[in-house]
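J.: Before anything else, here's the structure in question.
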Amino acid sequence: MAGDKTETVSPAVPDDVKVRRRRPNKPYPPASLEEAVKFVTDVYEFNSGLPVRKLSLFDHLGRSPDSSLSRDAITNANKYGLVKGSYAAEQIELTPDGLAVVSEATGPRERAKAKIRLGIDSIDVFKNLYDRLAGVRLPARSALVDSLKEMTVPAELAEEGVDLFLANLRFVGLLQVLAGAERIVTVDHLLDNLPQIGSETAQRNVGPASIPSLAERAVDQAPSVRSLVTQEHANFDTTCFYITPIGGVGSDARKHSDLFLGSIIEPAMMPFGLKVIRADGIDKPGVITRQVIEYILKSRLVIADLSFHNPNVFYELALRHAVRLPVVQIVRHSDNIPFDINQMRTIQIDNSDIYAFVPKIESYKAEIAAQARRALDAGHEVETPISIYFPNLRTMLSES
């Protein structure tokens, strides 16, 4: 009919295609490093680390080389820098770092450094997040999600990014349970607890790293004796020193100290911006050194745990009392408070029954925080048993 216009109708686009078109590129690999390493281990075991034909490998594994799972395995390994080439390549070849991760000839420290290079260093958002958090207690998940968003990671990808970041931290050894809480440890700390074992074969196979890494900088720049507290952490104005019986690994005293530190003391100190340091974080447990004494005399706050009636604890507490600086005393409910120091308020914590202890954790944290706030108040002068009888002790000592 004259005047009629023919309308052109575009073909309908399926909803799932629309979603795929709108989905932003992920700033991280789509799977964890551990998952990618499992595939690379198969590659290594099939031909001792030499290049392999893709068809031969997947025939050996009983899988189709064209399946989505097979393609994803190669793609993920490639994104992490474990293998060269894409899934379209005829051969699969391990990179030097990929070989270092799976070869039995690689020493523990070299393997750890290779994992860190691949799982953290080579992924910008993971490396930046690790740089922010190294050496601290694992923050709340929501805080990690917010951090990725601040790095311009799209909101719909931030949750997945946090999951992969934490999975990679655990796999490479940078997320550990220390003092009763999960902590993102420094590379120094991780490497210090691994034996430095290698071989000529490992050195030939690994070769130089292609990516400048946190791990390499740690080895090149770290002092010969490292500790959990590095020089940048020794800021006494932002330190709470925890005087406590430590004991050997697995001892009742260590378990007690770890429990109180991770569950009560550190959370109570967070509002004050204070980093809690324990003696084993700066030197050998049970040894009173100059560095320990310096923390006792200079830290903004000291929390002294009188549980177990440990002599070192009382010795160190006396030093703090002598200088009349802020101190909070705590003790297990089952331990008596010695007469000499019972004039100072001591917070009693009943941990004899886990079913009674856990519901009271928030109350204990609040009580410690309130006591700390009072001790830290400007102009508040700490009264101690020593200051009662010798109020001018510091003046007397300085004049002597």
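Naming works like this for the structure tokens: A, B, ... for the chains as they're shown, residue 1 at the start of each chain, ligands 1 onward in shown order.
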What's around Thr384 of chain A at 10 Å? Count only C-alpha atoms, leave out sequence neighbours fewer than 3 positions away in its own chain, and write the answer as JSON, numbers by chain.

T.: {"A": [318, 320, 321, 322, 323, 324, 325, 327, 341, 343, 344, 381, 387, 388, 389, 390, 391]}

J.: Those selected residues, please, written with N, CA, C and O atoms and delivered as a tab-separated table (two decimals), in the first residue's frame.

T.:
chain	number	residue	atom	x	y	z
A	318	ALA	N	56.68	-4.77	87.13
A	318	ALA	CA	57.32	-3.86	88.09
A	318	ALA	C	58.04	-2.73	87.37
A	318	ALA	O	58.02	-1.57	87.83
A	320	ARG	N	57.18	-1.41	84.52
A	320	ARG	CA	56.15	-0.49	84.05
A	320	ARG	C	55.58	0.33	85.21
A	320	ARG	O	55.32	1.53	85.07
A	321	HIS	N	55.38	-0.30	86.35
A	321	HIS	CA	54.90	0.41	87.52
A	321	HIS	C	55.87	1.52	87.92
A	321	HIS	O	55.45	2.61	88.34
A	322	ALA	N	57.15	1.23	87.81
A	322	ALA	CA	58.16	2.19	88.25
A	322	ALA	C	58.12	3.48	87.44
A	322	ALA	O	58.35	4.57	87.99
A	323	VAL	N	57.81	3.38	86.16
A	323	VAL	CA	57.77	4.59	85.32
A	323	VAL	C	56.39	5.23	85.27
A	323	VAL	O	56.19	6.25	84.62
A	324	ARG	N	55.40	4.63	85.93
A	324	ARG	CA	54.05	5.20	86.10
A	324	ARG	C	53.37	5.52	84.76
A	324	ARG	O	52.71	6.54	84.62
A	325	LEU	N	53.54	4.62	83.81
A	325	LEU	CA	52.91	4.79	82.51
A	325	LEU	C	51.66	3.91	82.43
A	325	LEU	O	51.52	2.94	83.20
A	327	VAL	N	48.87	1.30	82.22
A	327	VAL	CA	48.92	-0.15	82.27
A	327	VAL	C	47.53	-0.68	82.63
A	327	VAL	O	46.81	-0.05	83.41
A	341	ILE	N	50.14	-6.24	94.47
A	341	ILE	CA	49.60	-5.47	93.34
A	341	ILE	C	48.08	-5.47	93.30
A	341	ILE	O	47.49	-4.97	92.35
A	343	GLN	N	46.21	-3.67	94.89
A	343	GLN	CA	45.70	-2.31	95.06
A	343	GLN	C	45.30	-1.70	93.73
A	343	GLN	O	44.54	-0.73	93.69
A	344	MET	N	45.84	-2.22	92.63
A	344	MET	CA	45.48	-1.76	91.30
A	344	MET	C	44.37	-2.65	90.76
A	344	MET	O	44.42	-3.88	90.91
A	381	GLU	N	47.40	10.40	85.62
A	381	GLU	CA	48.67	9.92	86.17
A	381	GLU	C	48.44	8.56	86.81
A	381	GLU	O	47.55	8.40	87.66
A	387	SER	N	54.56	4.01	93.21
A	387	SER	CA	54.39	5.46	93.29
A	387	SER	C	53.76	5.90	94.62
A	387	SER	O	53.95	7.03	95.07
A	388	ILE	N	53.00	5.01	95.25
A	388	ILE	CA	52.38	5.35	96.53
A	388	ILE	C	53.44	5.61	97.59
A	388	ILE	O	53.34	6.56	98.38
A	389	TYR	N	54.48	4.78	97.60
A	389	TYR	CA	55.52	4.91	98.62
A	389	TYR	C	56.70	5.76	98.15
A	389	TYR	O	57.40	6.35	98.96
A	390	PHE	N	56.90	5.81	96.85
A	390	PHE	CA	58.00	6.60	96.30
A	390	PHE	C	57.48	7.45	95.14
A	390	PHE	O	57.77	7.19	93.98
A	391	PRO	N	56.68	8.48	95.44
A	391	PRO	CA	56.06	9.28	94.37
A	391	PRO	C	57.07	10.01	93.49
A	391	PRO	O	56.75	10.35	92.36

J.: Could you jot down the atom CA of Leu174 of chain A to atom CA of Gly135 of chain A separation for me, Å, one decimal place?

T.: 9.5 Å

J.: Write down as a list in words the residues belonging to segment 49-86 of chain A that are assigned helix (DSSP H, G or I) by DSSP computed on the backbone.

T.: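 Filtering segment 49-86 of chain A down to helix (DSSP H, G or I) leaves Lys54, Leu55, Ser56, Leu57, Phe58, Asp59, His60, Leu61, Ser68, Leu69, Ser70, Arg71, Asp72, Ala73, Ile74, Thr75, Asn76, Ala77, Asn78 and Lys79 of chain A.
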
J.: Please provide as a VMD selection string all residues within 12 Å of Ser56 of chain A, with the sequence filter that same-chain residues fewer than 5 positions apart are discarded (counting only C-alpha atoms).

T.: chain A and resid 43 46 to 47 51 61 to 65 90 to 92

J.: I need the residues in segment 83-313 of chain A that are strand (DSSP E) according to DSSP; give them as a ChimeraX atom specification.

T.: /A:83-84,91-94,136-137,175-178,181-184,239-243,275-278,301-305

J.: Need the shell around segment 70-80 of chain A: protein/DNA/RNA residues with any atom at most 9 Å away, counting only C-alpha atoms. Skip same-chain ones fewer than 5 positions apart. Format as a short mmCIF file (atom, residue, chain, number, x, y, z; two decimals) with N, CA, C and O atoms, in the first residue's frame?

T.:
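Wrote result30.cif, looks like this:
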data_model
loop_
_atom_site.label_atom_id
_atom_site.label_comp_id
_atom_site.auth_asym_id
_atom_site.auth_seq_id
_atom_site.Cartn_x
_atom_site.Cartn_y
_atom_site.Cartn_z
N TYR A 28 41.43 -10.29 37.74
CA TYR A 28 42.10 -11.41 38.38
C TYR A 28 41.73 -12.68 37.62
O TYR A 28 40.73 -12.71 36.90
N PRO A 29 42.52 -13.75 37.74
CA PRO A 29 42.18 -15.01 37.08
C PRO A 29 40.85 -15.55 37.59
O PRO A 29 40.43 -15.25 38.72
N PRO A 30 40.16 -16.36 36.79
CA PRO A 30 38.83 -16.84 37.17
C PRO A 30 38.83 -18.01 38.16
O PRO A 30 37.78 -18.49 38.54
N ALA A 31 40.01 -18.48 38.54
CA ALA A 31 40.09 -19.59 39.49
C ALA A 31 41.27 -19.35 40.42
O ALA A 31 42.10 -18.47 40.18
N SER A 32 41.36 -20.13 41.48
CA SER A 32 42.45 -19.97 42.44
C SER A 32 43.75 -20.53 41.87
O SER A 32 43.76 -21.36 40.96
N LEU A 33 44.86 -20.07 42.45
CA LEU A 33 46.17 -20.60 42.04
C LEU A 33 46.26 -22.09 42.34
O LEU A 33 46.82 -22.85 41.54
N GLU A 35 43.99 -24.36 42.21
CA GLU A 35 43.31 -25.11 41.16
C GLU A 35 44.15 -25.18 39.90
O GLU A 35 44.24 -26.24 39.24
N ALA A 36 44.79 -24.06 39.56
CA ALA A 36 45.64 -24.04 38.36
C ALA A 36 46.86 -24.93 38.54
O ALA A 36 47.30 -25.60 37.60
N VAL A 37 47.41 -24.96 39.76
CA VAL A 37 48.61 -25.77 40.02
C VAL A 37 48.29 -27.26 39.91
O VAL A 37 49.14 -28.06 39.50
N PHE A 39 46.39 -28.68 37.75
CA PHE A 39 46.52 -29.03 36.33
C PHE A 39 48.00 -29.06 35.92
O PHE A 39 48.45 -29.97 35.20
N VAL A 40 48.76 -28.10 36.36
CA VAL A 40 50.18 -28.04 36.00
C VAL A 40 50.94 -29.24 36.57
O VAL A 40 51.88 -29.75 35.96
N PHE A 58 45.73 -34.89 27.31
CA PHE A 58 44.34 -35.08 27.69
C PHE A 58 43.86 -36.50 27.41
O PHE A 58 42.95 -37.00 28.08
N ARG A 63 40.33 -37.12 29.23
CA ARG A 63 39.45 -35.96 29.06
C ARG A 63 39.54 -35.46 27.63
O ARG A 63 40.58 -35.62 26.97
N SER A 64 38.49 -34.85 27.16
CA SER A 64 38.51 -34.25 25.83
C SER A 64 39.28 -32.93 25.86
O SER A 64 39.03 -32.09 26.74
N PRO A 65 40.21 -32.72 24.93
CA PRO A 65 40.97 -31.46 24.91
C PRO A 65 40.10 -30.26 24.54
O PRO A 65 40.52 -29.12 24.77
N GLY A 85 51.47 -19.94 26.27
CA GLY A 85 50.51 -20.16 25.19
C GLY A 85 49.08 -20.36 25.68
O GLY A 85 48.83 -20.61 26.86
N SER A 86 48.15 -20.29 24.74
CA SER A 86 46.72 -20.43 25.04
C SER A 86 46.27 -21.87 24.81
O SER A 86 47.06 -22.73 24.39
N TYR A 87 44.99 -22.12 25.04
CA TYR A 87 44.46 -23.48 24.84
C TYR A 87 44.46 -23.88 23.37
O TYR A 87 44.31 -25.04 23.03
N ALA A 88 44.64 -22.89 22.47
CA ALA A 88 44.67 -23.22 21.03
C ALA A 88 46.02 -23.76 20.59
O ALA A 88 46.14 -24.32 19.49
N ILE A 92 51.81 -27.78 25.29
CA ILE A 92 51.74 -27.11 26.59
C ILE A 92 53.13 -27.13 27.19
O ILE A 92 53.73 -28.21 27.34
N GLY A 98 56.34 -21.92 36.75
CA GLY A 98 55.47 -23.08 36.80
C GLY A 98 56.23 -24.33 37.18
O GLY A 98 55.76 -25.15 37.97
N LEU A 118 53.42 -15.71 41.49
CA LEU A 118 52.31 -16.03 40.59
C LEU A 118 50.96 -15.69 41.19
O LEU A 118 50.09 -15.15 40.50
N GLY A 119 50.76 -16.01 42.47
CA GLY A 119 49.44 -15.88 43.07
C GLY A 119 49.13 -14.53 43.66
O GLY A 119 47.95 -14.18 43.85
N SER A 122 51.86 -10.99 40.68
CA SER A 122 51.56 -10.77 39.27
C SER A 122 50.14 -10.26 39.03
O SER A 122 49.78 -9.95 37.90
N ILE A 123 49.33 -10.20 40.09
CA ILE A 123 47.93 -9.74 39.97
C ILE A 123 47.83 -8.41 40.71
O ILE A 123 47.90 -8.37 41.95
#

J.: Take atom CA of Asp97 of chain A and atom CA of Gly49 of chain A and report the distance between them in Å, one decimal.

T.: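 Distance between the two atoms: 11.6 Å.
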
J.: Nearest to Ile265 of chain A: which of A:Arg300, A:Lys26, A:Lys365, A:Arg394 is it, counting only C-alpha atoms?

T.: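 Once distances to Ile265 of chain A are computed over only C-alpha atoms, the minimum belongs to A:Lys365.
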